[in-house]
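Coordinates from work09.cif are shown below (mmCIF, C-alpha atoms).
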data_protein
loop_
_atom_site.label_atom_id
_atom_site.label_comp_id
_atom_site.auth_asym_id
_atom_site.auth_seq_id
_atom_site.Cartn_x
_atom_site.Cartn_y
_atom_site.Cartn_z
CA MET A 1 131.93 106.76 124.94
CA ASP A 2 131.18 104.72 121.80
CA ILE A 3 128.79 105.89 119.09
CA ILE A 4 125.94 103.51 119.93
CA THR A 5 125.98 104.34 123.65
CA LEU A 6 125.84 108.04 122.81
CA ILE A 7 122.86 107.54 120.48
CA GLU A 8 121.10 105.38 123.08
CA GLN A 9 121.53 108.06 125.74
CA LYS A 10 120.14 110.78 123.48
CA ASN A 11 117.12 108.70 122.39
CA GLN A 12 116.26 106.68 125.49
CA SER A 13 112.48 106.61 124.98
CA GLU A 14 112.58 105.67 121.30
CA PRO A 15 112.81 101.87 120.99
CA GLU A 16 111.81 101.60 117.32
CA PHE A 17 114.37 104.19 116.29
CA LEU A 18 117.11 102.53 118.34
CA GLN A 19 116.22 99.14 116.85
CA ALA A 20 116.68 100.56 113.34
CA VAL A 21 119.98 102.19 114.32
CA HIS A 22 121.32 98.95 115.86
CA GLU A 23 120.43 96.90 112.79
CA VAL A 24 122.15 99.35 110.44
CA ALA A 25 125.14 99.89 112.74
CA GLU A 26 125.95 96.16 112.69
CA HIS A 27 127.13 96.55 109.10
CA ILE A 28 127.96 100.26 108.81
CA LEU A 29 130.33 100.63 111.76
CA PRO A 30 132.75 97.89 110.55
CA TYR A 31 132.62 99.50 107.10
CA ILE A 32 133.46 102.90 108.64
CA GLU A 33 136.46 101.37 110.43
CA LYS A 34 137.80 100.27 107.04
CA ASN A 35 137.07 103.70 105.53
CA PRO A 36 138.37 106.29 108.03
CA LYS A 37 137.06 109.33 106.14
CA TYR A 38 133.55 108.52 107.37
CA LYS A 39 134.84 108.35 110.94
CA LYS A 40 136.72 111.64 110.62
CA TYR A 41 133.59 113.48 109.52
CA LYS A 42 131.42 111.67 112.11
CA ILE A 43 128.99 110.63 109.41
CA PHE A 44 127.18 107.97 111.44
CA GLU A 45 126.60 110.37 114.33
CA ARG A 46 125.25 112.95 111.90
CA ILE A 47 123.15 110.62 109.75
CA THR A 48 121.29 109.33 112.82
CA GLU A 49 120.35 112.86 113.92
CA PRO A 50 117.37 114.43 112.09
CA GLU A 51 118.05 117.74 110.38
CA ARG A 52 114.66 118.94 111.63
CA VAL A 53 111.69 117.61 113.62
CA ILE A 54 108.34 119.38 113.47
CA ILE A 55 105.53 118.55 115.96
CA PHE A 56 102.21 120.33 115.87
CA ARG A 57 98.61 120.32 117.13
CA VAL A 58 95.83 119.19 114.77
CA PRO A 59 92.36 120.28 115.98
CA TRP A 60 89.26 119.20 114.03
CA VAL A 61 85.51 118.80 114.54
CA ASP A 62 83.81 115.40 114.27
CA ASP A 63 80.34 114.72 112.88
CA ALA A 64 78.82 115.08 116.35
CA GLY A 65 80.20 118.60 116.62
CA GLU A 66 82.82 117.61 119.20
CA ILE A 67 86.30 119.12 119.00
CA GLN A 68 89.05 116.51 118.62
CA ILE A 69 92.79 117.09 119.00
CA ASN A 70 95.51 114.98 117.43
CA ARG A 71 99.25 115.40 117.15
CA GLY A 72 101.01 115.90 113.81
CA PHE A 73 104.65 115.20 112.96
CA ARG A 74 107.18 115.64 110.19
CA VAL A 75 110.70 114.29 110.59
CA GLN A 76 113.06 115.76 107.98
CA MET A 77 115.93 113.35 108.41
CA ASN A 78 118.47 113.96 105.67
CA SER A 79 118.59 116.10 102.51
CA ALA A 80 122.14 115.37 101.35
CA ILE A 81 121.06 113.88 98.01
CA GLY A 82 117.74 115.63 97.41
CA PRO A 83 114.51 117.01 98.90
CA TYR A 84 113.11 115.12 101.87
CA LYS A 85 110.90 112.30 100.61
CA GLY A 86 108.78 109.88 102.60
CA GLY A 87 105.23 109.02 103.51
CA LEU A 88 102.64 110.27 105.95
CA ARG A 89 101.17 107.67 108.31
CA PHE A 90 97.80 108.09 110.07
CA HIS A 91 97.54 105.46 112.80
CA PRO A 92 97.13 105.45 116.62
CA SER A 93 100.62 103.94 117.00
CA VAL A 94 102.33 106.97 115.43
CA ASN A 95 104.84 108.67 117.70
CA LEU A 96 108.25 110.30 117.36
CA SER A 97 110.18 107.03 117.77
CA VAL A 98 108.24 105.29 114.98
CA LEU A 99 108.63 108.22 112.62
CA LYS A 100 112.35 108.66 113.31
CA PHE A 101 112.93 104.98 112.59
CA LEU A 102 110.93 105.26 109.37
CA ALA A 103 112.73 108.46 108.31
CA PHE A 104 116.14 106.91 109.02
CA GLU A 105 115.28 103.81 106.99
CA GLN A 106 113.78 106.03 104.28
CA THR A 107 117.05 107.90 103.89
CA LEU A 108 118.91 104.71 103.02
CA LYS A 109 116.03 103.32 100.95
CA ASN A 110 115.81 106.47 98.81
CA SER A 111 119.56 106.40 98.31
CA LEU A 112 119.34 102.84 96.99
CA THR A 113 116.90 103.87 94.26
CA GLY A 114 119.56 106.07 92.64
CA LEU A 115 117.06 108.95 92.46
CA PRO A 116 117.80 112.39 93.96
CA MET A 117 115.67 112.06 97.10
CA GLY A 118 116.51 112.67 100.74
CA GLY A 119 114.72 110.96 103.63
CA GLY A 120 111.75 112.06 105.70
CA LYS A 121 108.59 110.72 107.32
CA GLY A 122 105.55 112.14 109.03
CA GLY A 123 102.00 111.58 110.09
CA SER A 124 99.61 111.69 113.01
CA ASP A 125 98.08 109.52 115.73
CA PHE A 126 94.73 110.09 114.00
CA ASP A 127 92.90 106.87 113.10
CA PRO A 128 90.89 107.09 109.85
CA LYS A 129 89.17 103.74 110.57
CA GLY A 130 85.51 104.24 111.43
CA LYS A 131 85.57 107.91 110.41
CA SER A 132 83.24 109.36 107.81
CA ASP A 133 84.63 110.93 104.63
CA ASN A 134 83.74 114.36 106.00
CA GLU A 135 85.59 113.70 109.26
CA VAL A 136 88.66 112.52 107.34
CA MET A 137 88.45 115.61 105.13
CA ARG A 138 88.25 117.99 108.09
CA PHE A 139 91.20 116.29 109.77
CA CYS A 140 93.31 116.34 106.58
CA GLN A 141 92.55 120.01 105.99
CA SER A 142 93.58 120.91 109.54
CA PHE A 143 96.73 118.76 109.25
CA MET A 144 97.76 120.45 106.00
CA THR A 145 97.02 123.93 107.39
CA GLU A 146 100.16 123.50 109.50
CA LEU A 147 102.20 121.11 107.35
CA TYR A 148 102.09 123.37 104.27
CA ARG A 149 104.63 125.71 105.89
CA HIS A 150 107.27 122.99 105.95
CA ILE A 151 106.95 121.28 102.54
CA GLY A 152 107.53 122.16 98.89
CA SER A 153 108.47 120.56 95.58
CA ASN A 154 112.14 121.44 96.15
CA LEU A 155 112.11 121.06 99.93
CA ASP A 156 109.98 118.12 101.14
CA VAL A 157 107.53 115.99 99.15
CA PRO A 158 105.42 113.69 101.36
CA ALA A 159 103.47 110.67 100.10
CA GLY A 160 101.02 108.18 101.55
CA ASP A 161 101.65 105.37 104.02
CA ILE A 162 99.49 103.35 106.43
CA GLY A 163 96.12 105.09 106.75
CA VAL A 164 96.89 107.56 103.96
CA GLY A 165 95.63 106.62 100.51
CA LYS A 166 94.30 108.46 97.48
CA ARG A 167 91.41 109.92 99.50
CA GLU A 168 93.62 111.45 102.17
CA ILE A 169 96.22 112.66 99.66
CA GLY A 170 93.40 114.33 97.69
CA PHE A 171 92.03 116.18 100.71
CA MET A 172 95.51 117.38 101.74
CA PHE A 173 96.45 118.42 98.21
CA GLY A 174 93.22 120.40 97.86
CA GLN A 175 93.91 122.26 101.11
CA TYR A 176 97.50 123.03 100.09
CA LYS A 177 96.25 124.38 96.76
CA ARG A 178 93.66 126.53 98.53
CA ILE A 179 96.20 128.01 100.95
CA GLN A 180 99.11 128.53 98.54
CA ASN A 181 97.04 129.30 95.44
CA GLU A 182 99.25 127.08 93.30
CA PHE A 183 99.12 123.68 91.63
CA THR A 184 102.48 122.02 92.21
CA GLY A 185 103.85 118.56 92.94
CA ILE A 186 104.10 118.81 96.72
CA LEU A 187 102.58 115.37 97.35
CA THR A 188 102.95 112.06 95.55
CA GLY A 189 100.42 109.27 95.39
CA LYS A 190 97.96 111.66 93.75
CA GLY A 191 95.14 110.52 91.49
CA PHE A 192 96.32 110.07 87.92
CA GLU A 193 93.77 112.62 86.69
CA TRP A 194 95.44 115.39 88.71
CA GLY A 195 99.16 114.76 88.58
CA GLY A 196 99.70 111.23 89.82
CA SER A 197 101.81 108.58 88.14
CA ARG A 198 100.56 105.41 86.54
CA ILE A 199 101.18 102.22 88.59
CA ARG A 200 101.96 104.22 91.76
CA PRO A 201 99.40 102.21 93.77
CA GLU A 202 100.90 98.97 92.45
CA ALA A 203 104.55 99.99 92.74
CA THR A 204 105.52 98.74 96.22
CA GLY A 205 103.88 95.34 95.78
CA TYR A 206 105.10 94.93 92.20
CA GLY A 207 108.62 96.04 93.13
CA LEU A 208 108.70 93.48 95.94
CA ILE A 209 108.06 90.68 93.46
CA TYR A 210 110.49 92.14 90.91
CA PHE A 211 113.20 91.98 93.60
CA ILE A 212 112.37 88.34 94.35
CA GLN A 213 112.63 87.63 90.63
CA GLU A 214 116.12 89.15 90.55
CA ILE A 215 117.19 86.84 93.38
CA PHE A 216 115.75 83.84 91.54
CA LYS A 217 117.71 84.80 88.42
CA THR A 218 120.94 84.40 90.41
CA GLN A 219 119.74 80.86 91.26
CA GLY A 220 118.65 79.97 87.72
CA ASP A 221 115.07 79.63 88.93
CA ASN A 222 111.73 81.47 88.75
CA LEU A 223 108.50 81.94 90.70
CA GLU A 224 106.47 79.37 88.78
CA GLY A 225 104.84 76.94 91.22
CA LYS A 226 106.34 78.49 94.36
CA THR A 227 104.18 78.75 97.50
CA ILE A 228 104.05 82.20 99.11
CA THR A 229 102.71 83.36 102.48
CA VAL A 230 101.77 87.03 102.73
CA SER A 231 100.80 89.09 105.75
CA GLY A 232 98.65 92.17 105.43
CA SER A 233 95.76 92.88 103.08
CA GLY A 234 96.33 96.53 102.25
CA ASN A 235 97.80 98.14 99.18
CA VAL A 236 101.25 96.51 99.31
CA ALA A 237 99.94 93.01 100.05
CA GLN A 238 97.22 93.19 97.41
CA PHE A 239 99.54 94.10 94.56
CA ALA A 240 102.28 91.73 95.71
CA VAL A 241 99.69 88.96 95.54
CA GLU A 242 98.48 90.16 92.13
CA LYS A 243 101.98 90.13 90.64
CA SER A 244 102.77 86.75 92.28
CA ILE A 245 99.69 85.22 90.64
CA GLN A 246 100.74 86.67 87.28
CA CYS A 247 104.15 85.03 87.72
CA GLY A 248 102.62 81.60 88.35
CA ALA A 249 103.16 81.43 92.11
CA LYS A 250 100.56 80.22 94.61
CA VAL A 251 99.74 82.65 97.42
CA VAL A 252 98.02 80.89 100.32
CA THR A 253 97.66 83.53 103.08
CA MET A 254 96.72 87.15 103.73
CA SER A 255 95.99 88.82 107.06
CA ASP A 256 94.66 91.86 108.88
CA SER A 257 94.90 93.03 112.48
CA ASN A 258 92.37 90.41 113.63
CA GLY A 259 93.85 87.26 112.09
CA PHE A 260 94.74 85.53 108.82
CA ILE A 261 93.16 83.41 106.10
CA TYR A 262 94.73 80.22 104.77
CA ASP A 263 93.54 79.09 101.36
CA ALA A 264 95.40 75.88 100.48
CA ALA A 265 94.10 75.99 96.92
CA GLY A 266 95.66 79.41 96.41
CA ILE A 267 94.27 82.93 96.24
CA THR A 268 93.25 83.42 92.61
CA ALA A 269 92.71 86.69 90.74
CA GLU A 270 88.97 86.34 91.37
CA LYS A 271 89.49 85.79 95.10
CA LEU A 272 91.90 88.72 95.27
CA ALA A 273 89.30 90.97 93.61
CA PHE A 274 86.89 89.96 96.40
CA ILE A 275 89.48 90.87 99.05
CA THR A 276 90.25 94.19 97.38
CA GLU A 277 86.58 95.20 97.29
CA LEU A 278 86.11 93.98 100.86
CA LYS A 279 89.01 96.07 102.18
CA GLU A 280 88.94 99.13 99.93
CA VAL A 281 85.23 99.62 99.25
CA LYS A 282 83.30 97.89 102.04
CA ARG A 283 85.99 98.55 104.69
CA GLY A 284 85.30 95.04 105.97
CA ARG A 285 87.39 92.47 107.84
CA LEU A 286 89.27 89.60 106.25
CA LYS A 287 87.37 86.92 108.19
CA GLU A 288 84.47 87.56 105.78
CA TYR A 289 86.57 85.76 103.14
CA ILE A 290 85.54 82.36 104.48
CA ASP A 291 81.85 83.26 104.07
CA GLN A 292 82.51 83.61 100.36
CA TYR A 293 85.08 80.79 100.11
CA PRO A 294 84.21 78.26 102.84
CA GLU A 295 86.97 75.86 101.77
CA ALA A 296 89.48 78.34 103.24
CA GLN A 297 90.35 78.62 106.93
CA TYR A 298 90.47 81.67 109.20
CA PHE A 299 92.76 81.88 112.23
CA GLU A 300 91.62 84.50 114.71
CA GLY A 301 94.38 86.47 116.45
CA GLN A 302 97.20 84.59 114.70
CA LYS A 303 99.89 85.34 112.12
CA PRO A 304 100.59 83.25 108.99
CA TRP A 305 104.21 82.30 109.70
CA ASN A 306 103.49 78.69 110.73
CA ILE A 307 102.21 77.88 107.22
CA LYS A 308 104.60 75.91 105.00
CA CYS A 309 105.97 78.03 102.14
CA ASP A 310 108.92 78.71 99.86
CA ILE A 311 108.70 82.50 100.20
CA ALA A 312 107.42 84.71 103.03
CA LEU A 313 106.40 88.32 102.39
CA PRO A 314 105.63 90.30 105.59
CA CYS A 315 103.60 93.25 104.31
CA ALA A 316 101.70 94.48 107.38
CA THR A 317 103.61 96.56 109.94
CA GLN A 318 106.79 96.79 112.02
CA ASN A 319 107.89 93.96 114.31
CA GLU A 320 105.11 91.59 113.19
CA LEU A 321 107.51 88.66 112.69
CA ASN A 322 109.49 87.60 115.78
CA GLY A 323 112.20 85.05 116.48
CA ASP A 324 109.78 82.15 117.02
CA ASP A 325 108.05 82.99 113.74
CA ALA A 326 111.40 83.10 111.94
CA GLN A 327 112.35 79.66 113.26
CA LYS A 328 108.99 78.22 112.21
CA LEU A 329 109.50 79.55 108.68
CA ILE A 330 112.96 77.99 108.45
CA ASP A 331 111.80 74.69 109.94
CA ASN A 332 109.03 74.59 107.31
CA GLY A 333 111.49 75.03 104.46
CA CYS A 334 111.14 78.74 103.69
CA LYS A 335 114.20 79.94 101.73
CA TYR A 336 113.26 83.54 100.92
CA VAL A 337 111.95 86.36 103.10
CA ALA A 338 111.42 89.79 101.55
CA GLU A 339 109.91 92.64 103.53
CA GLY A 340 107.00 94.51 101.99
CA ALA A 341 106.48 96.50 105.20
CA ASN A 342 109.04 98.66 107.01
CA MET A 343 111.05 96.69 109.58
CA PRO A 344 108.41 93.94 110.02
CA SER A 345 111.03 91.49 111.35
CA THR A 346 112.36 91.88 114.88
CA SER A 347 116.12 91.96 115.50
CA GLU A 348 115.94 88.37 116.79
CA ALA A 349 114.15 87.24 113.62
CA VAL A 350 116.71 88.92 111.37
CA ALA A 351 119.55 87.27 113.26
CA ILE A 352 117.91 83.85 112.80
CA PHE A 353 117.41 84.43 109.06
CA ASN A 354 121.02 85.48 108.55
CA ALA A 355 122.41 82.65 110.67
CA ALA A 356 120.45 80.16 108.55
CA LYS A 357 121.89 81.76 105.37
CA ILE A 358 118.48 82.08 103.75
CA PHE A 359 117.79 84.95 101.37
CA TYR A 360 116.50 87.71 103.65
CA VAL A 361 115.85 91.13 102.08
CA PRO A 362 115.11 94.12 104.36
CA GLY A 363 112.37 96.59 103.52
CA LYS A 364 114.76 99.37 102.52
CA ALA A 365 115.67 97.27 99.48
CA ALA A 366 112.65 95.02 98.92
CA ASN A 367 109.88 97.60 99.22
CA ALA A 368 111.66 100.53 97.57
CA GLY A 369 109.43 100.28 94.49
CA GLY A 370 106.84 102.59 96.02
CA VAL A 371 109.17 105.49 96.68
CA ALA A 372 110.90 104.83 93.36
CA VAL A 373 107.67 105.52 91.47
CA SER A 374 106.99 108.45 93.79
CA GLY A 375 110.31 109.83 92.59
CA LEU A 376 109.21 109.22 89.01
CA GLU A 377 105.96 111.05 89.82
CA MET A 378 108.04 114.03 90.97
CA THR A 379 109.91 113.95 87.65
CA GLN A 380 106.67 113.84 85.66
CA ASN A 381 105.25 116.74 87.70
CA SER A 382 108.37 118.80 86.96
CA LEU A 383 107.98 118.04 83.27
CA ARG A 384 104.21 118.70 83.34
CA TYR A 385 103.86 115.39 81.55
CA ALA A 386 102.44 111.93 82.27
CA TRP A 387 104.30 108.80 81.12
CA PHE A 388 102.50 105.73 79.83
CA LYS A 389 102.15 102.73 82.16
CA GLU A 390 104.71 100.71 80.21
CA LYS A 391 107.39 103.39 80.59
CA VAL A 392 106.85 103.73 84.34
CA ASP A 393 106.87 99.96 84.80
CA ASP A 394 110.07 99.70 82.75
CA ARG A 395 111.73 102.39 84.89
CA LEU A 396 110.58 100.57 88.04
CA HIS A 397 112.10 97.33 86.75
CA THR A 398 115.38 99.11 86.03
CA ILE A 399 115.51 100.72 89.47
CA ILE A 400 114.80 97.43 91.28
CA LYS A 401 117.47 95.70 89.22
CA GLY A 402 119.92 98.44 90.21
CA ILE A 403 119.06 98.06 93.91
CA HIS A 404 119.63 94.31 93.64
CA GLU A 405 123.01 94.87 91.99
CA THR A 406 124.00 97.29 94.76
CA CYS A 407 123.01 94.76 97.43
CA VAL A 408 125.07 92.06 95.70
CA ARG A 409 128.08 94.38 95.34
CA TYR A 410 128.23 95.29 99.03
CA GLY A 411 126.65 92.13 100.48
CA ARG A 412 128.65 89.28 99.00
CA GLU A 413 130.42 87.35 101.77
CA GLU A 414 133.57 85.24 101.62
CA ASP A 415 131.62 82.00 101.16
CA GLY A 416 129.73 83.52 98.21
CA HIS A 417 126.45 83.98 100.10
CA ILE A 418 124.68 87.30 99.46
CA ASN A 419 123.79 89.06 102.71
CA TYR A 420 121.13 91.39 101.35
CA GLU A 421 120.75 93.22 104.67
CA LYS A 422 124.44 94.08 104.74
CA GLY A 423 124.43 95.04 101.06
CA ALA A 424 121.39 97.31 101.43
CA ASN A 425 122.72 99.04 104.55
CA ILE A 426 126.19 99.76 103.17
CA GLY A 427 124.97 100.52 99.65
CA GLY A 428 122.42 103.03 100.93
CA PHE A 429 124.88 104.59 103.35
CA VAL A 430 127.78 105.23 100.98
CA LYS A 431 125.94 107.56 98.59
CA VAL A 432 124.50 109.70 101.40
CA ALA A 433 127.78 109.73 103.33
CA ASP A 434 129.84 110.85 100.33
CA ALA A 435 127.34 113.65 99.61
CA MET A 436 127.51 114.81 103.23
CA ILE A 437 131.30 114.98 103.09
CA ASP A 438 131.19 116.95 99.83
CA GLN A 439 128.74 119.49 101.31
CA GLY A 440 130.74 120.27 104.45
CA ILE A 441 129.73 120.37 108.09
CA VAL A 442 126.05 121.27 107.71
#
Entire entry expressed as structure tokens:
Amino acid sequence: MDIITLIEQKNQSEPEFLQAVHEVAEHILPYIEKNPKYKKYKIFERITEPERVIIFRVPWVDDAGEIQINRGFRVQMNSAIGPYKGGLRFHPSVNLSVLKFLAFEQTLKNSLTGLPMGGGKGGSDFDPKGKSDNEVMRFCQSFMTELYRHIGSNLDVPAGDIGVGKREIGFMFGQYKRIQNEFTGILTGKGFEWGGSRIRPEATGYGLIYFIQEIFKTQGDNLEGKTITVSGSGNVAQFAVEKSIQCGAKVVTMSDSNGFIYDAAGITAEKLAFITELKEVKRGRLKEYIDQYPEAQYFEGQKPWNIKCDIALPCATQNELNGDDAQKLIDNGCKYVAEGANMPSTSEAVAIFNAAKIFYVPGKAANAGGVAVSGLEMTQNSLRYAWFKEKVDDRLHTIIKGIHETCVRYGREEDGHINYEKGANIGGFVKVADAMIDQGIV
């Protein structure tokens, strides 16, 4: 029985996880054949099996006095190069398959940063949308009352993800501190006033644009005047748009779960500030943008991939960009696709991008800026010291440049084209695999 068939049989009801495994295996298994030591130690079989999976009940009381029950998870995937590190996601779509795929991807992503971090992911099927602050607090406190047993600054350091921002991190950190009676860096994404790192909120979006800049350097070009389509309107999308504007590019779309806006004149800093307040303060919907800026258009229930662009940045959620979308992008002249979300492109879309030889960068490389600064937050917490913004931004730049160099090293093909997916998969794998061999059969 081959490796993939075995993994499929063991994880039959986990489509997202199997999709991630298939996409990585396409590049890793041929590499393993050329490097028999990885086959001897069955590294691929071991790296696709979590070291530990924790599932628990999360009871809480809503504002009406009704008892609610959600399910909590933590997937501790791989600790070969450091403590488990990865976000917590609060969203109705959360299940074991989604979190295993995210934890598997996180393992390779963290490896690419060069920082000593293993891979993990967790969360709950709790939906913070429409909940009061008190309801979110009660849920977070109940969630942490179980999770605290399984995390620690030298064991597992969760962060935020979809549905988990500064508010949720604050509530969970407060509960951990109450239970353990200690102030330690067991979560990242904290407020700067109580142990967080500067530019952590900006890091994923900024890092995405820094990676694009590195690609453009190889082409002797820059972002000035380029047209960019962006999906999403959360943290990653907002700061990717902000940095794009600073670099002289024109961003023409953003989206949420109901549809997308198209602003042919470009989303300016002023317009972005309106979107940020709308989403982060008013908790509104993006269609309200056209009330403020009637020259823009809103497309209900659609995605922005039919809009002509030079660069596409999917920053919403997994599998949001399918094969038809990929073909539309290519037909409209798009030459660069970099993923701000985790696995937002379907397998069919990725195959179309690679066949067309455009510059496609998977999330494990393109959106690694967030976890990179989370790693820097861990370092600052260990030092009991806070770095200035400029130092953190400089470190982020350096890490992204290193990830790009790794992708080029392992992804250059015979015709000279850089296959960034191949480079990211192999580059992330090698460091973890070598550490696993060194540490024995554990």
Next item on the list: For the structure provided, state which residues fall under the PyMOL selection byres ((chain A and resi 86) around 6), and present them as a PyMOL selection string.
Entry: chain A and resi 85+87+120-121+158-159
Next item on the list: Between CA of Ile261 (chain A) and CA of Ala296 (chain A), measure the distance and give it in Å to one decimal.
Entry: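 Computed distance, CA of Ile261 (chain A) to CA of Ala296 (chain A), equals 6.9 Å.
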Using 12 Å as the limit and counting only C-alpha atoms, can you tabulate each residue of region 94-168 of chain A that touches region 321-342 of chain A, with its shortest atom-to-atom distance in Å and the two atoms involved, as a Markdown table?
| residue | atom | partner | partner_atom | distance |
| --- | --- | --- | --- | --- |
| A:Val98 | CA | A:Asn342 | CA | 10.4 |
| A:Leu99 | CA | A:Asn342 | CA | 11.1 |
| A:Phe101 | CA | A:Asn342 | CA | 9.3 |
| A:Leu102 | CA | A:Asn342 | CA | 7.3 |
| A:Ala103 | CA | A:Asn342 | CA | 10.6 |
| A:Phe104 | CA | A:Asn342 | CA | 11.1 |
| A:Glu105 | CA | A:Asn342 | CA | 8.1 |
| A:Gln106 | CA | A:Asn342 | CA | 9.2 |
| A:Lys109 | CA | A:Asn342 | CA | 10.4 |
| A:Asp161 | CA | A:Ala341 | CA | 10.2 |
| A:Ile162 | CA | A:Ala341 | CA | 9.9 |
Margin query: I'd like the interatomic distance between CA of Asn35 (chain A) and CA of Tyr360 (chain A), to a tenth of an Å.
Written below: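 Interatomic distance here is 26.1 Å.
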Next item on the list: Please write as a list in words the full residue list that the PyMOL selection byres ((chain A and resi 438) around 12) yields on this file.
Entry: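 Checked against the file, the PyMOL selection byres ((chain A and resi 438) around 12) matches Lys37, Tyr38, Tyr41, Ile43, Ala80, Ile81, Lys431, Val432, Ala433, Asp434, Ala435, Met436, Ile437, Gln439, Gly440, Ile441 and Val442 of chain A.
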Margin query: My list of candidates is A:Thr317, A:Ser124, A:Asn381, A:Ser244. Which is closest to His91 (chain A) when distances are computed with all atoms listed in the file?
Written below: A:Ser124
Margin query: Report, in Å to a single decimal, how far apart CA of Leu88 (chain A) and CA of Phe183 (chain A) are.
Written below: 19.9 Å
Quick one: apply the PyMOL selection byres ((chain A and resi 21) around 12) to the file and drop the selected residues here as a short mmCIF file (atom, residue, chain, number, x, y, z; two decimals) with C-alpha atoms, keeping the file's coordinate frame.
data_model
loop_
_atom_site.label_atom_id
_atom_site.label_comp_id
_atom_site.auth_asym_id
_atom_site.auth_seq_id
_atom_site.Cartn_x
_atom_site.Cartn_y
_atom_site.Cartn_z
CA ILE A 3 128.79 105.89 119.09
CA ILE A 4 125.94 103.51 119.93
CA THR A 5 125.98 104.34 123.65
CA LEU A 6 125.84 108.04 122.81
CA ILE A 7 122.86 107.54 120.48
CA GLU A 8 121.10 105.38 123.08
CA ASN A 11 117.12 108.70 122.39
CA GLU A 14 112.58 105.67 121.30
CA PRO A 15 112.81 101.87 120.99
CA GLU A 16 111.81 101.60 117.32
CA PHE A 17 114.37 104.19 116.29
CA LEU A 18 117.11 102.53 118.34
CA GLN A 19 116.22 99.14 116.85
CA ALA A 20 116.68 100.56 113.34
CA HIS A 22 121.32 98.95 115.86
CA GLU A 23 120.43 96.90 112.79
CA VAL A 24 122.15 99.35 110.44
CA ALA A 25 125.14 99.89 112.74
CA GLU A 26 125.95 96.16 112.69
CA HIS A 27 127.13 96.55 109.10
CA ILE A 28 127.96 100.26 108.81
CA LEU A 29 130.33 100.63 111.76
CA PHE A 44 127.18 107.97 111.44
CA GLU A 45 126.60 110.37 114.33
CA ILE A 47 123.15 110.62 109.75
CA THR A 48 121.29 109.33 112.82
CA GLU A 49 120.35 112.86 113.92
CA SER A 97 110.18 107.03 117.77
CA LYS A 100 112.35 108.66 113.31
CA PHE A 101 112.93 104.98 112.59
CA LEU A 102 110.93 105.26 109.37
CA ALA A 103 112.73 108.46 108.31
CA PHE A 104 116.14 106.91 109.02
CA GLU A 105 115.28 103.81 106.99
CA LEU A 108 118.91 104.71 103.02
CA MET A 343 111.05 96.69 109.58
CA SER A 347 116.12 91.96 115.50
CA ASN A 425 122.72 99.04 104.55
#
Residues within 10 Å of Ala273 (chain A), only C-alpha atoms, excluding chain neighbours under 6 positions, as a short mmCIF file (atom, residue, chain, number, x, y, z; two decimals) with C-alpha atoms, in the frame of the given file:
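Result went into around-v1.cif, see below:
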data_model
loop_
_atom_site.label_atom_id
_atom_site.label_comp_id
_atom_site.auth_asym_id
_atom_site.auth_seq_id
_atom_site.Cartn_x
_atom_site.Cartn_y
_atom_site.Cartn_z
CA GLN A 238 97.22 93.19 97.41
CA GLU A 242 98.48 90.16 92.13
CA ILE A 267 94.27 82.93 96.24
CA LYS A 279 89.01 96.07 102.18
#
Next item on the list: Pick out the residues sitting within 8 Å of region 205-212 of chain A, and hand them over as a PyMOL selection string; count all atoms listed in the file, and ignore anything fewer than 5 positions along from it in its own chain.
Entry: chain A and resi 235-241+243-244+338-340+366-370+396-397+400-401+404
Selection above as a file: C-alpha atoms, as a PDB file, keeping the file's coordinate frame:
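Result file is part.pdb:
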ATOM      1  CA  ASN A 235      97.800  98.140  99.180  1.00  0.00           C
ATOM      2  CA  VAL A 236     101.250  96.510  99.310  1.00  0.00           C
ATOM      3  CA  ALA A 237      99.940  93.010 100.050  1.00  0.00           C
ATOM      4  CA  GLN A 238      97.220  93.190  97.410  1.00  0.00           C
ATOM      5  CA  PHE A 239      99.540  94.100  94.560  1.00  0.00           C
ATOM      6  CA  ALA A 240     102.280  91.730  95.710  1.00  0.00           C
ATOM      7  CA  VAL A 241      99.690  88.960  95.540  1.00  0.00           C
ATOM      8  CA  LYS A 243     101.980  90.130  90.640  1.00  0.00           C
ATOM      9  CA  SER A 244     102.770  86.750  92.280  1.00  0.00           C
ATOM     10  CA  ALA A 338     111.420  89.790 101.550  1.00  0.00           C
ATOM     11  CA  GLU A 339     109.910  92.640 103.530  1.00  0.00           C
ATOM     12  CA  GLY A 340     107.000  94.510 101.990  1.00  0.00           C
ATOM     13  CA  ALA A 366     112.650  95.020  98.920  1.00  0.00           C
ATOM     14  CA  ASN A 367     109.880  97.600  99.220  1.00  0.00           C
ATOM     15  CA  ALA A 368     111.660 100.530  97.570  1.00  0.00           C
ATOM     16  CA  GLY A 369     109.430 100.280  94.490  1.00  0.00           C
ATOM     17  CA  GLY A 370     106.840 102.590  96.020  1.00  0.00           C
ATOM     18  CA  LEU A 396     110.580 100.570  88.040  1.00  0.00           C
ATOM     19  CA  HIS A 397     112.100  97.330  86.750  1.00  0.00           C
ATOM     20  CA  ILE A 400     114.800  97.430  91.280  1.00  0.00           C
ATOM     21  CA  LYS A 401     117.470  95.700  89.220  1.00  0.00           C
ATOM     22  CA  HIS A 404     119.630  94.310  93.640  1.00  0.00           C
TER      23      HIS A 404
END
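Residue nearest Phe139 (chain A) within the list A:Glu390, A:Glu193, A:Glu421, A:Asp62: A:Asp62 [criterion: smallest interatomic distance, all atoms listed in the file].
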Box along x, y and z, 5 Å on every side, all listed atoms of region 38-41 of chain A inside: centre and edge lengths in Å to one decimal, as JSON.
{"center_x": 135.1, "center_y": 110.9, "center_z": 109.2, "size_x": 13.2, "size_y": 15.1, "size_z": 13.6}
